[in-house]
file data25.cif (mmCIF, C-alpha atoms (C1' of nucleotides))
data_my_file
loop_
_atom_site.label_atom_id
_atom_site.label_comp_id
_atom_site.auth_asym_id
_atom_site.auth_seq_id
_atom_site.Cartn_x
_atom_site.Cartn_y
_atom_site.Cartn_z
CA MET T 241 14.03 -23.17 18.01
CA ASP T 242 14.76 -23.74 14.33
CA ASP T 243 11.30 -22.41 13.49
CA ARG T 244 11.64 -20.71 10.15
CA ARG T 245 9.50 -17.86 11.43
CA ASP T 246 12.34 -16.82 13.72
CA SER T 247 15.09 -16.99 11.13
CA LEU T 248 17.02 -14.12 9.56
CA LEU T 249 17.23 -15.87 6.19
CA LEU T 250 15.57 -13.89 3.43
CA ASP T 251 13.75 -16.81 1.88
CA ASP T 252 12.30 -17.89 5.21
CA GLN T 253 10.58 -14.57 5.70
CA LEU T 254 6.92 -14.26 4.92
CA CYS T 255 7.40 -10.52 4.84
CA PHE T 256 9.68 -10.72 1.83
CA ALA T 257 7.37 -13.07 -0.06
CA LEU T 258 4.62 -10.55 0.58
CA TYR T 259 6.69 -7.54 -0.42
CA ALA T 260 7.91 -9.22 -3.61
CA ALA T 261 4.44 -10.47 -4.58
CA SER T 262 2.87 -7.08 -3.99
CA ARG T 263 5.40 -5.30 -6.19
CA ALA T 264 5.15 -7.98 -8.88
CA VAL T 265 1.37 -7.64 -9.04
CA THR T 266 1.57 -3.85 -9.12
CA GLY T 267 3.99 -4.23 -12.01
CA LEU T 268 1.46 -6.46 -13.73
CA TYR T 269 -1.15 -3.71 -13.53
CA ARG T 270 1.19 -0.99 -14.71
CA PRO T 271 1.01 -1.46 -18.50
CA LEU T 272 -2.77 -1.98 -18.37
CA LEU T 273 -3.36 1.08 -16.21
CA ASP T 274 -0.98 3.17 -18.33
CA GLU T 275 -3.50 2.85 -21.13
CA LEU T 276 -6.16 4.30 -18.82
CA GLY T 277 -3.80 7.04 -17.64
CA LEU T 278 -3.89 5.71 -14.07
CA THR T 279 -1.44 4.60 -11.44
CA TYR T 280 -2.26 1.64 -9.27
CA PRO T 281 -3.33 3.61 -6.15
CA GLN T 282 -5.41 5.90 -8.36
CA TYR T 283 -7.11 2.83 -9.79
CA LEU T 284 -7.95 1.66 -6.26
CA VAL T 285 -9.52 5.04 -5.48
CA LEU T 286 -11.68 4.77 -8.59
CA LEU T 287 -12.72 1.22 -7.66
CA VAL T 288 -14.12 2.61 -4.42
CA LEU T 289 -15.90 5.48 -6.14
CA TRP T 290 -17.35 3.25 -8.87
CA GLU T 291 -18.62 0.83 -6.26
CA ASN T 292 -19.90 3.14 -3.54
CA GLY T 293 -20.43 6.41 -5.33
CA ASP T 294 -19.18 9.83 -4.33
CA CYS T 295 -17.87 10.14 -0.79
CA PRO T 296 -15.67 12.27 1.45
CA VAL T 297 -11.91 11.80 1.53
CA LYS T 298 -12.20 10.21 4.95
CA ASP T 299 -14.18 7.27 3.56
CA LEU T 300 -11.62 6.67 0.82
CA GLY T 301 -8.94 6.57 3.46
CA ALA T 302 -10.91 4.09 5.53
CA ALA T 303 -11.58 1.82 2.56
CA LEU T 304 -7.99 1.81 1.34
CA HIS T 305 -6.19 2.20 4.69
CA LEU T 306 -4.51 5.36 3.40
CA ASP T 307 -4.01 8.66 5.21
CA TYR T 308 -4.53 12.23 4.01
CA GLY T 309 -0.84 12.67 3.37
CA THR T 310 -1.13 10.08 0.62
CA LEU T 311 -4.64 10.85 -0.59
CA SER T 312 -4.57 14.64 -0.78
CA PRO T 313 -1.93 14.89 -3.52
CA LEU T 314 -3.23 11.77 -5.27
CA LEU T 315 -6.73 13.25 -5.47
CA LYS T 316 -5.33 16.54 -6.74
CA ARG T 317 -3.71 14.65 -9.60
CA LEU T 318 -6.95 12.79 -10.35
CA GLU T 319 -8.72 16.13 -10.41
CA ALA T 320 -6.09 17.55 -12.74
CA THR T 321 -6.73 14.71 -15.20
CA GLY T 322 -10.45 15.45 -15.05
CA LEU T 323 -11.64 12.16 -13.54
CA ILE T 324 -12.95 13.58 -10.27
CA ARG T 325 -14.08 16.84 -8.70
CA ARG T 326 -13.27 18.03 -5.17
CA GLU T 327 -16.05 20.05 -3.56
CA ARG T 328 -16.31 21.37 -0.02
CA ARG T 329 -19.56 20.20 1.48
CA PRO T 330 -21.86 23.05 2.55
CA GLU T 331 -23.19 21.12 5.58
CA ASP T 332 -19.67 20.69 6.93
CA GLU T 333 -17.02 22.94 5.49
CA ARG T 334 -14.26 20.76 6.90
CA SER T 335 -15.21 17.89 4.64
CA VAL T 336 -14.28 17.53 0.96
CA ARG T 337 -16.57 15.40 -1.17
CA ILE T 338 -14.91 13.47 -3.98
CA ALA T 339 -17.24 13.16 -6.97
CA LEU T 340 -16.74 11.27 -10.22
CA THR T 341 -16.94 13.36 -13.38
CA GLU T 342 -18.51 12.07 -16.58
CA GLN T 343 -15.03 11.02 -17.67
CA GLY T 344 -14.39 9.27 -14.39
CA LEU T 345 -17.62 7.37 -14.65
CA ALA T 346 -17.02 6.48 -18.28
CA LEU T 347 -13.57 5.08 -17.50
CA ARG T 348 -15.25 2.23 -15.64
CA GLU T 349 -16.19 0.57 -18.91
CA LYS T 350 -12.60 0.52 -20.12
CA ALA T 351 -11.51 -0.78 -16.73
CA ARG T 352 -13.68 -3.88 -17.07
CA ASP T 353 -11.04 -5.35 -19.36
CA VAL T 354 -8.38 -5.20 -16.64
CA PRO T 355 -9.32 -7.90 -14.09
CA PRO T 356 -9.55 -10.77 -16.61
CA VAL T 357 -6.02 -10.09 -17.87
CA ILE T 358 -4.74 -9.96 -14.30
CA GLY T 359 -6.52 -13.18 -13.39
CA GLU T 360 -4.99 -14.86 -16.41
CA ALA T 361 -1.45 -13.76 -15.52
CA MET T 362 -1.77 -14.80 -11.89
CA GLY T 363 -2.45 -18.33 -12.98
CA LEU T 364 -4.32 -19.34 -9.84
CA PRO T 365 -7.32 -21.66 -9.86
CA PRO T 366 -10.39 -20.19 -8.09
CA GLU T 367 -9.90 -22.17 -4.88
CA GLU T 368 -6.32 -21.01 -4.50
CA PHE T 369 -7.31 -17.47 -5.39
CA ASP T 370 -9.97 -17.43 -2.68
CA ALA T 371 -7.75 -19.17 -0.13
CA LEU T 372 -4.89 -16.74 -0.68
CA ARG T 373 -7.17 -13.73 -0.43
CA ALA T 374 -8.67 -15.09 2.78
CA ALA T 375 -5.23 -15.75 4.28
CA LEU T 376 -4.08 -12.23 3.41
CA ARG T 377 -7.16 -10.69 5.00
CA LYS T 378 -6.61 -12.69 8.13
CA LEU T 379 -3.00 -11.58 8.24
CA THR T 380 -3.92 -7.92 7.72
CA SER T 381 -6.51 -8.06 10.45
CA SER T 382 -4.15 -9.78 12.91
CA VAL T 383 -1.46 -7.22 12.25
CA THR T 384 -3.70 -4.16 12.42
CA ALA T 385 -5.27 -5.51 15.61
CA TYR T 386 -1.78 -5.92 17.05
CA LEU T 387 -0.79 -2.39 16.02
CA GLY T 388 -4.07 -0.79 17.05
CA MET C 213 -19.23 -14.76 -15.67
CA ASP C 214 -19.76 -13.86 -12.05
CA ASP C 215 -16.26 -15.08 -11.23
CA ARG C 216 -15.02 -12.81 -8.46
CA ARG C 217 -11.67 -12.64 -10.19
CA ASP C 218 -13.25 -10.58 -12.99
CA SER C 219 -15.12 -8.14 -10.75
CA LEU C 220 -14.39 -4.49 -10.17
CA LEU C 221 -15.38 -4.68 -6.50
CA LEU C 222 -12.55 -3.73 -4.19
CA ASP C 223 -13.05 -6.57 -1.76
CA ASP C 224 -13.07 -9.15 -4.53
CA GLN C 225 -9.62 -8.16 -5.65
CA LEU C 226 -6.67 -10.24 -4.61
CA CYS C 227 -4.47 -7.31 -5.57
CA PHE C 228 -5.96 -5.12 -2.83
CA ALA C 229 -5.67 -7.83 -0.18
CA LEU C 230 -2.03 -8.13 -1.16
CA TYR C 231 -1.41 -4.39 -1.19
CA ALA C 232 -3.09 -3.91 2.18
CA ALA C 233 -1.31 -6.87 3.79
CA SER C 234 2.06 -5.75 2.52
CA ARG C 235 1.66 -2.25 3.92
CA ALA C 236 0.30 -3.57 7.21
CA VAL C 237 3.30 -5.86 7.66
CA THR C 238 5.74 -3.11 6.75
CA GLY C 239 4.02 -0.98 9.37
CA LEU C 240 4.51 -3.78 11.85
CA TYR C 241 8.26 -3.74 11.23
CA ARG C 242 8.53 0.04 11.41
CA PRO C 243 8.75 0.57 15.19
CA LEU C 244 11.11 -2.39 15.61
CA LEU C 245 13.40 -1.24 12.81
CA ASP C 246 13.31 2.34 14.05
CA GLU C 247 15.22 1.13 17.09
CA LEU C 248 17.89 -0.28 14.78
CA GLY C 249 17.92 2.91 12.71
CA LEU C 250 16.72 1.04 9.62
CA THR C 251 13.90 1.26 7.13
CA TYR C 252 12.26 -1.89 5.88
CA PRO C 253 14.05 -2.06 2.49
CA GLN C 254 17.34 -1.33 4.25
CA TYR C 255 16.64 -4.25 6.57
CA LEU C 256 16.10 -6.52 3.56
CA VAL C 257 19.45 -5.46 2.12
CA LEU C 258 21.16 -6.31 5.40
CA LEU C 259 19.41 -9.70 5.52
CA VAL C 260 21.03 -10.52 2.18
CA LEU C 261 24.45 -9.32 3.28
CA TRP C 262 24.27 -11.14 6.64
CA GLU C 263 23.28 -14.33 4.88
CA ASN C 264 25.49 -14.31 1.79
CA GLY C 265 28.30 -11.94 2.73
CA ASP C 266 29.60 -9.00 0.75
CA CYS C 267 28.46 -8.82 -2.86
CA PRO C 268 28.09 -6.43 -5.80
CA VAL C 269 25.03 -4.21 -6.13
CA LYS C 270 23.80 -6.38 -8.97
CA ASP C 271 23.40 -9.39 -6.68
CA LEU C 272 21.42 -7.37 -4.15
CA GLY C 273 19.13 -6.28 -6.94
CA ALA C 274 18.66 -9.86 -8.09
CA ALA C 275 17.93 -11.13 -4.58
CA LEU C 276 15.42 -8.39 -3.77
CA HIS C 277 14.02 -7.76 -7.27
CA LEU C 278 15.09 -4.11 -7.00
CA ASP C 279 16.78 -1.96 -9.64
CA TYR C 280 19.70 0.45 -9.33
CA GLY C 281 17.40 3.43 -9.21
CA THR C 282 16.13 2.15 -5.89
CA LEU C 283 19.32 0.61 -4.57
CA SER C 284 21.87 3.33 -5.36
CA PRO C 285 20.41 5.99 -3.06
CA LEU C 286 19.43 3.41 -0.44
CA LEU C 287 23.00 2.10 -0.28
CA LYS C 288 24.34 5.63 -0.06
CA ARG C 289 22.18 6.17 3.03
CA LEU C 290 23.35 2.88 4.54
CA GLU C 291 26.92 3.98 3.92
CA ALA C 292 26.22 7.35 5.54
CA THR C 293 25.00 5.60 8.70
CA GLY C 294 28.20 3.52 8.74
CA LEU C 295 26.66 0.08 8.26
CA ILE C 296 28.23 -0.69 4.87
CA ARG C 297 31.09 0.39 2.64
CA ARG C 298 30.92 0.81 -1.16
CA GLU C 299 34.15 -0.06 -2.94
CA ARG C 300 34.90 -0.24 -6.66
CA ARG C 301 36.34 -3.62 -7.48
CA PRO C 302 39.83 -3.41 -9.04
CA GLU C 303 39.18 -6.41 -11.32
CA ASP C 304 36.16 -4.73 -12.82
CA GLU C 305 35.84 -1.01 -12.30
CA ARG C 306 32.19 -1.09 -13.35
CA SER C 307 31.23 -3.15 -10.34
CA VAL C 308 30.70 -1.78 -6.82
CA ARG C 309 31.15 -4.22 -3.98
CA ILE C 310 28.92 -3.71 -0.94
CA ALA C 311 30.73 -4.73 2.24
CA LEU C 312 29.40 -4.85 5.80
CA THR C 313 31.30 -2.74 8.32
CA GLU C 314 31.92 -3.88 11.89
CA GLN C 315 28.79 -1.96 12.86
CA GLY C 316 26.79 -3.56 10.09
CA LEU C 317 27.86 -7.00 11.15
CA ALA C 318 27.21 -6.28 14.83
CA LEU C 319 23.68 -5.11 14.09
CA ARG C 320 22.76 -8.67 13.19
CA GLU C 321 22.67 -9.61 16.87
CA LYS C 322 20.14 -6.90 17.65
CA ALA C 323 18.11 -7.93 14.62
CA ARG C 324 17.62 -11.44 15.97
CA ASP C 325 14.95 -10.07 18.28
CA VAL C 326 12.84 -8.86 15.36
CA PRO C 327 11.41 -12.00 13.71
CA PRO C 328 9.89 -13.47 16.89
CA VAL C 329 7.92 -10.29 17.55
CA ILE C 330 6.71 -10.25 13.95
CA GLY C 331 5.72 -13.91 14.09
CA GLU C 332 3.79 -13.24 17.27
CA ALA C 333 1.87 -10.31 15.77
CA MET C 334 1.02 -12.18 12.59
CA GLY C 335 -0.77 -14.78 14.62
CA LEU C 336 -0.44 -17.56 12.05
CA PRO C 337 0.17 -21.19 12.99
CA PRO C 338 3.21 -22.72 11.22
CA GLU C 339 1.17 -24.57 8.60
CA GLU C 340 -0.68 -21.44 7.54
CA PHE C 341 2.54 -19.46 7.61
CA ASP C 342 4.23 -21.94 5.27
CA ALA C 343 1.16 -22.28 3.04
CA LEU C 344 0.80 -18.53 2.64
CA ARG C 345 4.46 -18.08 1.85
CA ALA C 346 4.30 -20.86 -0.72
CA ALA C 347 1.20 -19.36 -2.35
CA LEU C 348 2.85 -15.93 -2.53
CA ARG C 349 5.96 -17.37 -4.13
CA LYS C 350 3.89 -19.19 -6.68
CA LEU C 351 2.01 -16.00 -7.45
CA THR C 352 5.21 -13.98 -7.79
CA SER C 353 6.73 -16.52 -10.12
CA SER C 354 3.58 -16.74 -12.28
CA VAL C 355 3.44 -13.00 -12.58
CA THR C 356 7.12 -12.45 -13.31
CA ALA C 357 7.02 -15.25 -15.87
CA TYR C 358 4.04 -13.56 -17.51
CA LEU C 359 5.83 -10.20 -17.53
CA GLY C 360 9.22 -11.57 -18.57
"C1'" DC Y 96 43.18 -2.80 -33.24
"C1'" DC Y 97 39.00 -0.65 -32.77
"C1'" DA Y 98 33.88 -0.01 -33.69
"C1'" DG Y 99 30.08 -1.41 -31.69
"C1'" DC Y 100 27.79 -4.01 -28.36
"C1'" DT Y 101 26.78 -5.46 -23.49
"C1'" DT Y 102 27.24 -4.94 -18.56
"C1'" DT Y 103 27.20 -2.27 -14.35
"C1'" DA Y 104 26.06 1.50 -12.04
"C1'" DG Y 105 24.43 6.27 -11.28
"C1'" DT Y 106 21.08 10.28 -12.07
"C1'" DT Y 107 16.69 12.53 -12.75
"C1'" DG Y 108 11.82 12.96 -12.47
"C1'" DT Y 109 7.26 11.31 -10.94
"C1'" DG Y 110 4.33 9.29 -7.73
"C1'" DC Y 111 3.31 6.96 -3.79
"C1'" DA Y 112 3.53 6.05 1.75
"C1'" DC Y 113 3.86 7.90 6.11
"C1'" DG Y 114 5.22 10.75 10.19
"C1'" DA Y 115 4.93 15.40 11.85
"C1'" DT Y 116 2.93 19.66 11.77
"C1'" DG Y 117 -0.46 23.24 10.61
"C1'" DT Y 118 -5.22 25.15 10.07
"C1'" DA Y 119 -9.87 25.95 9.76
"C1'" DA Y 120 -14.38 24.30 10.95
"C1'" DT Y 121 -17.22 22.03 14.19
"C1'" DC Y 122 -18.49 20.03 18.54
"C1'" DG Y 123 -18.92 19.49 23.65
"C1'" DT Y 124 -19.14 21.12 28.05
"C1'" DG Y 125 -19.47 23.97 31.76
"C1'" DC X 63 -22.21 31.48 24.99
"C1'" DA X 64 -17.16 30.87 25.51
"C1'" DC X 65 -13.47 27.98 24.72
"C1'" DG X 66 -10.77 23.95 24.70
"C1'" DA X 67 -10.99 19.57 22.28
"C1'" DT X 68 -11.86 17.13 18.20
"C1'" DT X 69 -12.43 16.46 13.26
"C1'" DA X 70 -11.25 16.78 8.34
"C1'" DC X 71 -8.03 17.96 5.46
"C1'" DA X 72 -3.53 20.04 3.65
"C1'" DT X 73 1.50 20.54 3.61
"C1'" DC X 74 6.27 19.27 4.25
"C1'" DG X 75 10.17 16.22 4.58
"C1'" DT X 76 12.13 11.61 3.99
"C1'" DG X 77 12.54 7.43 1.70
"C1'" DC X 78 11.26 4.11 -1.37
"C1'" DA X 79 9.88 2.22 -6.48
"C1'" DC X 80 10.37 2.56 -11.20
"C1'" DA X 81 11.02 4.48 -15.95
"C1'" DA X 82 14.16 6.89 -18.85
"C1'" DC X 83 18.56 8.55 -19.68
"C1'" DT X 84 23.68 8.85 -19.17
"C1'" DA X 85 28.26 7.08 -18.77
"C1'" DA X 86 32.15 4.26 -18.06
"C1'" DA X 87 34.27 -0.28 -18.40
"C1'" DG X 88 34.80 -4.48 -20.67
"C1'" DC X 89 34.11 -7.59 -24.43
"C1'" DT X 90 33.85 -9.20 -29.38
"C1'" DG X 91 34.05 -9.73 -34.32
"C1'" DG X 92 36.11 -8.16 -38.39
#

call {"tool": "encode", "arguments": {"input": "data25.cif", "output": "structure tokens"}}
result
Amino acid sequence: MDDRRDSLLLDDQLCFALYAASRAVTGLYRPLLDELGLTYPQYLVLLVLWENGDCPVKDLGAALHLDYGTLSPLLKRLEATGLIRRERRPEDERSVRIALTEQGLALREKARDVPPVIGEAMGLPPEEFDALRAALRKLTSSVTAYLG
Amino acid sequence: MDDRRDSLLLDDQLCFALYAASRAVTGLYRPLLDELGLTYPQYLVLLVLWENGDCPVKDLGAALHLDYGTLSPLLKRLEATGLIRRERRPEDERSVRIALTEQGLALREKARDVPPVIGEAMGLPPEEFDALRAALRKLTSSVTAYLG
DNA sequence: CCAGCTTTAGTTGTGCACGATGTAATCGTG
DNA sequence: CACGATTACATCGTGCACAACTAAAGCTGG
């Protein structure tokens, strides 16, 4: 009855803790990514490309849980800065393949400096880091299962 | 050296787990808040007002970690829907007091149905709920301390 | 008193997020 | 093979977030 999960008090809400933490961490990335000429979602797109190689827009959306309405303009901006190319695939003209350029590939080396700084600022020991990440994944999968 | 915190792999990143969880939870609120005619940030503003009563814009910003650039237009929209009033305070003409209207106050009763549904969908037992919230707060405070 | 500082808020511009809608290419099925 | 359904992506409109800039009100020291 007095379960904090059912309260309307701001500080009882997990959702607010999540929202605040997410924005704080994005703000932590901002100055580092500014030096690379990237925004945070653009950085996430490049993480996927660096890890998995070139792929269609659809796969980026699946990896990042983002739709075309978000990705299409974002990818246009990444193309404008010369980090990626967008090429219609001959086998299937509906599909657009996102390919890293030389510049986009080279940026990976500069990006290697980012995670250590972030880890430092978060100030979490490895066990807490892993536990928090696991809890967040569980939450995301519960919620998406509920919505799906 | 092979600390996952220093990797460039998407799934190793706490930041992505956080980003994905935050958007998933916001998406969980969306259909419920649609029925109240609210967006998620607007709901957070009302939580503060319901809890603490009328207050200047500055206090809302402090409670939610949001700046005027975000709040000013948001509050204008809340005023347009009739849930709040914005009144310059005579004592200090710089300050704008945000006051709940009758409608805004009445909406609280409808909002009481929201948290139980959210808690259900999250599927976390109380201990995990509390632990996750505590971890997120710690993270937020580490990060903001580092940035401040 | 008043020059200069701080506080409070608003405005503008950029870039996400996401729902709704549009379109062209491909696929499936009779 | 025709043709309706599906797929992959783009576009548009709304509403955050946040940086940079403006402006008005209040305070403060000389």

call {"tool": "residues_around", "arguments": {"input": "data25.cif", "residues": "Glu332 in chain C", "least_positions_apart": "4", "cutoff": "10 Å", "atoms": "all atoms listed in the file", "output": "list of chain:residue names"}}
result
T:Arg245, T:Asp246, T:Ser382, T:Val383, T:Tyr386, C:Pro327, C:Pro328, C:Leu336, C:Pro337

call {"tool": "atom_distance", "arguments": {"input": "data25.cif", "atom1": "CA of Arg349 in chain C", "atom2": "CA of Gly249 in chain C"}}
result
28.9 Å

call {"tool": "interface_residues", "arguments": {"input": "data25.cif", "of": "chain C", "to": "chain T", "cutoff": "7 Å", "atoms": "only C-alpha atoms", "output": "ChimeraX atom specification"}}
result
/C:217-222,226-227,229-234,236-237,240,259-260,263,324,327-328,331,333-335,344-345,347-349,351-352,354-356,358-359

call {"tool": "resolve_selection", "arguments": {"input": "data25.cif", "expression": "the PyMOL selection byres ((chain Y) within 10 of (chain C))", "output": "JSON, numbers by chain"}}
result
{"Y": [102, 103, 104, 105, 106, 107, 112, 113]}

call {"tool": "calpha_fit_and_write", "arguments": {"input": "data25.cif", "fixed": "chain T", "moving": "chain C", "output": "short mmCIF file (atom, residue, chain, number, x, y, z; two decimals) with C-alpha atoms, keeping the file's coordinate frame"}}
result
data_model
loop_
_atom_site.label_atom_id
_atom_site.label_comp_id
_atom_site.auth_asym_id
_atom_site.auth_seq_id
_atom_site.Cartn_x
_atom_site.Cartn_y
_atom_site.Cartn_z
CA MET C 213 14.11 -23.04 18.01
CA ASP C 214 14.73 -23.71 14.36
CA ASP C 215 11.27 -22.39 13.52
CA ARG C 216 11.63 -20.70 10.15
CA ARG C 217 9.49 -17.86 11.42
CA ASP C 218 12.32 -16.80 13.74
CA SER C 219 15.11 -16.96 11.16
CA LEU C 220 17.00 -14.11 9.59
CA LEU C 221 17.21 -15.85 6.21
CA LEU C 222 15.56 -13.87 3.46
CA ASP C 223 13.74 -16.79 1.90
CA ASP C 224 12.29 -17.87 5.23
CA GLN C 225 10.57 -14.56 5.69
CA LEU C 226 6.91 -14.25 4.92
CA CYS C 227 7.40 -10.50 4.86
CA PHE C 228 9.68 -10.71 1.82
CA ALA C 229 7.36 -13.06 -0.06
CA LEU C 230 4.61 -10.54 0.58
CA TYR C 231 6.70 -7.54 -0.41
CA ALA C 232 7.90 -9.22 -3.60
CA ALA C 233 4.44 -10.46 -4.57
CA SER C 234 2.88 -7.07 -3.99
CA ARG C 235 5.40 -5.30 -6.19
CA ALA C 236 5.15 -7.97 -8.87
CA VAL C 237 1.37 -7.63 -9.03
CA THR C 238 1.56 -3.85 -9.11
CA GLY C 239 3.99 -4.22 -12.00
CA LEU C 240 1.47 -6.45 -13.71
CA TYR C 241 -1.16 -3.72 -13.52
CA ARG C 242 1.19 -0.99 -14.69
CA PRO C 243 1.00 -1.44 -18.48
CA LEU C 244 -2.77 -1.99 -18.37
CA LEU C 245 -3.36 1.08 -16.21
CA ASP C 246 -0.99 3.16 -18.31
CA GLU C 247 -3.52 2.84 -21.12
CA LEU C 248 -6.18 4.28 -18.82
CA GLY C 249 -3.82 7.03 -17.65
CA LEU C 250 -3.90 5.72 -14.08
CA THR C 251 -1.45 4.60 -11.45
CA TYR C 252 -2.26 1.64 -9.27
CA PRO C 253 -3.33 3.61 -6.15
CA GLN C 254 -5.41 5.89 -8.37
CA TYR C 255 -7.12 2.81 -9.78
CA LEU C 256 -7.96 1.66 -6.25
CA VAL C 257 -9.53 5.03 -5.49
CA LEU C 258 -11.68 4.77 -8.60
CA LEU C 259 -12.73 1.22 -7.66
CA VAL C 260 -14.12 2.61 -4.41
CA LEU C 261 -15.90 5.47 -6.13
CA TRP C 262 -17.35 3.24 -8.87
CA GLU C 263 -18.62 0.82 -6.26
CA ASN C 264 -19.89 3.13 -3.52
CA GLY C 265 -20.42 6.43 -5.33
CA ASP C 266 -19.17 9.84 -4.32
CA CYS C 267 -17.85 10.12 -0.77
CA PRO C 268 -15.65 12.27 1.47
CA VAL C 269 -11.89 11.80 1.54
CA LYS C 270 -12.17 10.21 4.95
CA ASP C 271 -14.16 7.28 3.57
CA LEU C 272 -11.61 6.67 0.82
CA GLY C 273 -8.92 6.58 3.46
CA ALA C 274 -10.89 4.10 5.54
CA ALA C 275 -11.58 1.83 2.57
CA LEU C 276 -7.98 1.80 1.34
CA HIS C 277 -6.18 2.18 4.69
CA LEU C 278 -4.50 5.35 3.38
CA ASP C 279 -4.00 8.65 5.19
CA TYR C 280 -4.52 12.21 3.97
CA GLY C 281 -0.84 12.67 3.33
CA THR C 282 -1.12 10.08 0.60
CA LEU C 283 -4.62 10.84 -0.60
CA SER C 284 -4.55 14.65 -0.81
CA PRO C 285 -1.92 14.89 -3.55
CA LEU C 286 -3.23 11.78 -5.30
CA LEU C 287 -6.73 13.26 -5.49
CA LYS C 288 -5.33 16.54 -6.75
CA ARG C 289 -3.71 14.65 -9.63
CA LEU C 290 -6.95 12.79 -10.36
CA GLU C 291 -8.73 16.13 -10.42
CA ALA C 292 -6.10 17.56 -12.77
CA THR C 293 -6.73 14.72 -15.23
CA GLY C 294 -10.47 15.45 -15.06
CA LEU C 295 -11.64 12.16 -13.56
CA ILE C 296 -12.95 13.57 -10.27
CA ARG C 297 -14.07 16.82 -8.70
CA ARG C 298 -13.27 17.98 -5.14
CA GLU C 299 -16.03 20.03 -3.54
CA ARG C 300 -16.31 21.37 0.00
CA ARG C 301 -19.57 20.23 1.51
CA PRO C 302 -21.80 23.15 2.59
CA GLU C 303 -23.13 21.23 5.62
CA ASP C 304 -19.64 20.72 6.94
CA GLU C 305 -16.94 22.93 5.52
CA ARG C 306 -14.23 20.67 6.93
CA SER C 307 -15.24 17.82 4.67
CA VAL C 308 -14.29 17.50 0.99
CA ARG C 309 -16.56 15.40 -1.16
CA ILE C 310 -14.91 13.45 -3.98
CA ALA C 311 -17.24 13.16 -6.96
CA LEU C 312 -16.72 11.26 -10.21
CA THR C 313 -16.93 13.35 -13.37
CA GLU C 314 -18.52 12.07 -16.58
CA GLN C 315 -15.05 11.02 -17.68
CA GLY C 316 -14.39 9.27 -14.40
CA LEU C 317 -17.62 7.36 -14.64
CA ALA C 318 -17.03 6.47 -18.29
CA LEU C 319 -13.60 5.07 -17.52
CA ARG C 320 -15.25 2.22 -15.64
CA GLU C 321 -16.20 0.57 -18.93
CA LYS C 322 -12.60 0.52 -20.11
CA ALA C 323 -11.52 -0.79 -16.72
CA ARG C 324 -13.68 -3.88 -17.07
CA ASP C 325 -11.05 -5.35 -19.36
CA VAL C 326 -8.39 -5.20 -16.65
CA PRO C 327 -9.31 -7.90 -14.11
CA PRO C 328 -9.53 -10.76 -16.63
CA VAL C 329 -6.01 -10.08 -17.87
CA ILE C 330 -4.73 -9.95 -14.30
CA GLY C 331 -6.51 -13.18 -13.39
CA GLU C 332 -4.98 -14.84 -16.42
CA ALA C 333 -1.44 -13.75 -15.53
CA MET C 334 -1.77 -14.79 -11.91
CA GLY C 335 -2.44 -18.32 -13.00
CA LEU C 336 -4.30 -19.34 -9.85
CA PRO C 337 -7.31 -21.67 -9.89
CA PRO C 338 -10.38 -20.20 -8.11
CA GLU C 339 -9.88 -22.19 -4.91
CA GLU C 340 -6.30 -21.02 -4.50
CA PHE C 341 -7.30 -17.49 -5.41
CA ASP C 342 -9.98 -17.44 -2.70
CA ALA C 343 -7.75 -19.19 -0.15
CA LEU C 344 -4.90 -16.75 -0.69
CA ARG C 345 -7.17 -13.75 -0.43
CA ALA C 346 -8.68 -15.11 2.77
CA ALA C 347 -5.24 -15.76 4.27
CA LEU C 348 -4.09 -12.24 3.40
CA ARG C 349 -7.16 -10.71 4.98
CA LYS C 350 -6.63 -12.71 8.11
CA LEU C 351 -3.02 -11.59 8.23
CA THR C 352 -3.94 -7.94 7.70
CA SER C 353 -6.53 -8.06 10.44
CA SER C 354 -4.17 -9.79 12.90
CA VAL C 355 -1.50 -7.24 12.24
CA THR C 356 -3.72 -4.17 12.42
CA ALA C 357 -5.29 -5.51 15.61
CA TYR C 358 -1.81 -5.95 17.06
CA LEU C 359 -0.82 -2.42 16.03
CA GLY C 360 -4.11 -0.79 17.03
#

call {"tool": "resolve_selection", "arguments": {"input": "data25.cif", "expression": "the PyMOL selection byres ((chain X) within 8 of (chain C))", "output": "PyMOL selection string"}}
result
chain X and resi 78-80+86-88

call {"tool": "atom_distance", "arguments": {"input": "data25.cif", "atom1": "C1' of DG75 in chain X", "atom2": "CA of Leu323 in chain T"}}
result
28.6 Å

call {"tool": "atom_distance", "arguments": {"input": "data25.cif", "atom1": "CA of Cys295 in chain T", "atom2": "CA of Leu278 in chain T"}}
result
19.8 Å

call {"tool": "residues_near_point", "arguments": {"input": "data25.cif", "point": "(9.9, 11.9, -16.7)", "cutoff": "10 Å", "atoms": "all atoms listed in the file", "output": "PyMOL selection string"}}
result
(chain Y and resi 107-109) or (chain X and resi 81-83)

call {"tool": "closest_residue", "arguments": {"input": "data25.cif", "among": "C:Leu248, C:Glu314, C:Ala274, C:Leu287", "to": "DG77 in chain X", "atoms": "all atoms listed in the file"}}
result
C:Leu287

call {"tool": "closest_residue", "arguments": {"input": "data25.cif", "among": "T:Arg337, T:Gln343, T:Arg325, T:Glu367", "to": "Asp299 in chain T", "atoms": "all atoms listed in the file"}}
result
T:Arg337

call {"tool": "resolve_selection", "arguments": {"input": "data25.cif", "expression": "the PyMOL selection byres ((chain X and resi 66) around 10)", "output": "list in words"}}
result
DG123 and DT124 of chain Y; DA64, DC65, DA67 and DT68 of chain X

call {"tool": "residues_around", "arguments": {"input": "data25.cif", "residues": "DT116 in chain Y", "least_positions_apart": "2", "cutoff": "10 Å", "atoms": "all atoms listed in the file", "output": "number ranges by chain"}}
result
Y: 114, 118; X: 73-74
